[in-house]
$ cat data-v2.cif   # mmCIF, C-alpha atoms
data_work
#
loop_
_atom_site.label_atom_id
_atom_site.label_comp_id
_atom_site.auth_asym_id
_atom_site.auth_seq_id
_atom_site.Cartn_x
_atom_site.Cartn_y
_atom_site.Cartn_z
CA MET P 273 -34.45 7.00 30.28
CA ASN P 274 -35.41 10.64 30.50
CA TRP P 275 -33.28 12.21 33.24
CA THR P 276 -35.35 15.40 33.36
CA LEU P 277 -38.46 13.35 34.05
CA PHE P 278 -36.59 11.14 36.52
CA PHE P 279 -35.41 14.11 38.57
CA ALA P 280 -38.81 15.85 38.45
CA ILE P 281 -40.49 12.75 39.88
CA LEU P 282 -37.70 12.09 42.35
CA SER P 283 -37.83 15.59 43.82
CA GLN P 284 -41.61 15.46 44.12
CA ILE P 285 -41.58 12.14 45.95
CA GLU P 286 -38.57 12.81 48.16
CA SER P 287 -39.32 16.33 49.34
CA GLY P 288 -42.28 17.88 47.57
CA ASN P 289 -39.63 19.95 45.77
CA ASN P 290 -38.50 21.53 49.04
CA PRO P 291 -34.77 22.38 48.81
CA ASP P 292 -34.63 23.07 52.57
CA LYS P 293 -36.01 19.71 53.68
CA ILE P 294 -33.89 17.75 56.11
CA GLY P 295 -35.25 14.25 56.57
CA ASP P 296 -34.51 11.39 58.92
CA ARG P 297 -32.81 13.59 61.49
CA HIS P 298 -32.87 10.66 63.91
CA LEU P 299 -30.46 8.68 61.73
CA ARG P 300 -26.67 9.00 61.78
CA HIS P 301 -26.77 10.57 58.31
CA PRO P 302 -29.80 12.82 57.75
CA ALA P 303 -31.11 13.34 54.21
CA TYR P 304 -30.86 16.77 52.59
CA GLY P 305 -32.56 18.77 49.88
CA ILE P 306 -35.03 18.01 47.12
CA TYR P 307 -33.59 14.54 46.51
CA GLN P 308 -32.93 13.71 50.18
CA ILE P 309 -29.26 12.91 49.63
CA ARG P 310 -27.22 11.31 52.40
CA GLN P 311 -23.50 11.58 53.06
CA PRO P 312 -22.65 7.89 52.41
CA MET P 313 -23.84 8.25 48.80
CA LEU P 314 -21.64 11.32 48.32
CA THR P 315 -18.68 9.53 49.88
CA ASP P 316 -19.10 6.77 47.29
CA VAL P 317 -19.31 9.37 44.52
CA GLY P 318 -16.12 10.96 45.82
CA LYS P 319 -14.31 7.63 45.75
CA LEU P 320 -15.45 7.10 42.15
CA THR P 321 -14.70 10.59 40.84
CA GLY P 322 -12.37 12.38 43.26
CA VAL P 323 -15.04 15.05 43.75
CA TYR P 324 -16.21 15.23 47.35
CA TRP P 325 -19.32 17.05 48.56
CA ARG P 326 -20.98 17.43 51.93
CA ALA P 327 -24.66 16.49 51.86
CA GLU P 328 -25.60 19.80 53.47
CA ASP P 329 -23.87 21.72 50.68
CA ILE P 330 -24.98 19.74 47.64
CA ALA P 331 -28.59 20.10 48.75
CA GLN P 332 -28.40 23.73 47.64
CA ARG P 333 -26.85 22.85 44.26
CA PRO P 334 -29.41 20.94 42.14
CA ASP P 335 -27.00 20.71 39.19
CA ALA P 336 -24.36 19.04 41.35
CA ALA P 337 -26.95 16.84 43.03
CA ASP P 338 -28.24 15.67 39.63
CA TRP P 339 -24.67 14.83 38.59
CA ALA P 340 -23.91 12.95 41.81
CA ILE P 341 -27.09 10.86 41.59
CA GLN P 342 -26.32 9.96 38.00
CA VAL P 343 -22.74 8.95 38.84
CA TYR P 344 -23.89 6.86 41.80
CA THR P 345 -26.84 5.09 40.19
CA LYS P 346 -25.09 4.47 36.86
CA HIS P 347 -22.11 2.99 38.68
CA TRP P 348 -24.18 0.48 40.66
CA ILE P 349 -26.35 -0.43 37.68
CA ALA P 350 -23.22 -1.20 35.65
CA PHE P 351 -21.56 -3.00 38.58
CA HIS P 352 -24.55 -5.33 39.00
CA SER P 353 -25.26 -5.57 35.22
CA LEU P 354 -28.81 -4.33 35.75
CA PRO P 355 -31.19 -3.01 33.09
CA HIS P 356 -31.30 0.76 32.69
CA THR P 357 -34.87 1.25 33.86
CA TYR P 358 -36.58 3.85 35.99
CA GLU P 359 -37.18 1.16 38.58
CA MET P 360 -33.52 0.25 38.95
CA TYR P 361 -32.42 3.90 39.15
CA ALA P 362 -35.14 4.81 41.65
CA ARG P 363 -34.58 1.82 43.90
CA ILE P 364 -30.80 2.27 43.98
CA HIS P 365 -31.25 5.95 44.78
CA ASN P 366 -33.63 5.04 47.59
CA GLY P 367 -31.88 1.97 48.97
CA GLY P 368 -28.21 2.19 48.16
CA PRO P 369 -25.91 -0.07 46.14
CA ARG P 370 -28.22 -3.08 46.48
CA GLY P 371 -31.45 -1.11 46.66
CA TRP P 372 -32.84 -2.86 43.61
CA GLU P 373 -33.17 -6.08 45.60
CA ARG P 374 -34.38 -4.67 48.94
CA ASP P 375 -38.03 -5.12 49.83
CA SER P 376 -37.78 -1.81 51.67
CA THR P 377 -37.51 0.06 48.35
CA LEU P 378 -40.69 -1.39 46.84
CA GLN P 379 -42.99 1.20 48.38
CA PHE P 380 -40.77 3.99 47.08
CA TRP P 381 -40.79 2.41 43.62
CA ARG P 382 -44.59 2.12 43.66
CA LYS P 383 -44.90 5.84 44.43
CA PHE P 384 -42.40 6.62 41.68
CA GLU P 385 -44.16 4.37 39.18
CA LEU P 386 -47.54 5.90 39.95
CA GLU P 387 -46.19 9.38 39.25
CA LEU P 388 -44.33 8.15 36.15
CA ASN P 389 -47.53 6.68 34.73
CA LYS P 390 -49.37 9.97 35.38
CA GLN P 391 -46.63 11.94 33.66
CA GLU P 392 -46.59 9.61 30.67
CA ARG P 393 -50.38 9.97 30.32
CA GLY P 394 -50.00 13.77 30.47
CA GLU P 395 -51.71 14.05 33.85
CA GLY P 396 -48.74 15.34 35.86
#
$ encode --input "data-v2.cif" --output "structure tokens"
Amino acid sequence: MNWTLFFAILSQIESGNNPDKIGDRHLRHPAYGIYQIRQPMLTDVGKLTGVYWRAEDIAQRPDAADWAIQVYTKHWIAFHSLPHTYEMYARIHNGGPRGWERDSTLQFWRKFELELNKQERGEG
């Protein structure tokens, strides 16, 4: 698992690398920044680590956002005894604690996988 590659693909898919993007404004918890982070994920990270962020603030701190995503996804992968694959990390990021089993995350995974394959072939 190459985290640099993971985050490069994630930011491209989620926001086109736009740190100012605010997505899903119609939902209770909009998504912020290059990774489109929502408050419930950060609340979970706070419960796990004691470090609490607001989604609006972490969107402007890529280093903190990277850390929070790693804490969150690693926790749920360990909790569910899942393999450490790009698919599991991407689908949990996209769909929450049980994202790996949600049909709704398959389209996101397909986009991620397409970009991953391009990167691995040196086309990205």
$ residues_around --input "data-v2.cif" --residues "Ala340 of chain P" --least-positions-apart "2" --cutoff "10 Å" --atoms "all atoms listed in the file" --output "VMD selection string"
chain P and resid 309 313 to 314 316 to 318 321 323 to 325 330 334 to 338 342 to 346
$ closest_residue --input "data-v2.cif" --among "P:Leu386, P:Leu320, P:Ala331, P:Met273" --to "Pro291 of chain P" --atoms "all atoms listed in the file"
P:Ala331
$ closest_residue --input "data-v2.cif" --among "P:Gln311, P:Glu359, P:Ile364, P:Gly394" --to "His347 of chain P" --atoms "only C-alpha atoms"
P:Ile364
$ atom_distance --input "data-v2.cif" --atom1 "atom CA of Asn290 of chain P" --atom2 "atom CA of Thr377 of chain P"
21.5 Å
$ resolve_selection --input "data-v2.cif" --expression "the PyMOL selection byres ((chain P and resi 295) around 10)" --output "list in words"
Glu286, Ser287, Asp292, Lys293, Ile294, Asp296, Arg297, His298, Leu299, His301, Pro302, Ala303, Tyr304, Gly305, Gln308, Ile309 and Arg310 of chain P
$ atom_distance --input "data-v2.cif" --atom1 "atom CA of Ala362 of chain P" --atom2 "atom CA of Trp381 of chain P"
6.4 Å
$ residues_around --input "data-v2.cif" --residues "segment 278-282 of chain P" --least-positions-apart "5" --cutoff "7 Å" --atoms "only C-alpha atoms" --output "list in words"
Tyr307, Phe384 and Glu387 of chain P
$ closest_residue --input "data-v2.cif" --among "P:Thr315, P:Asn289, P:Ser353, P:Gln284" --to "Gln332 of chain P" --atoms "all atoms listed in the file"
P:Asn289
$ closest_residue --input "data-v2.cif" --among "P:Pro369, P:Arg333, P:Leu388, P:Lys319" --to "Thr357 of chain P" --atoms "all atoms listed in the file"
P:Leu388
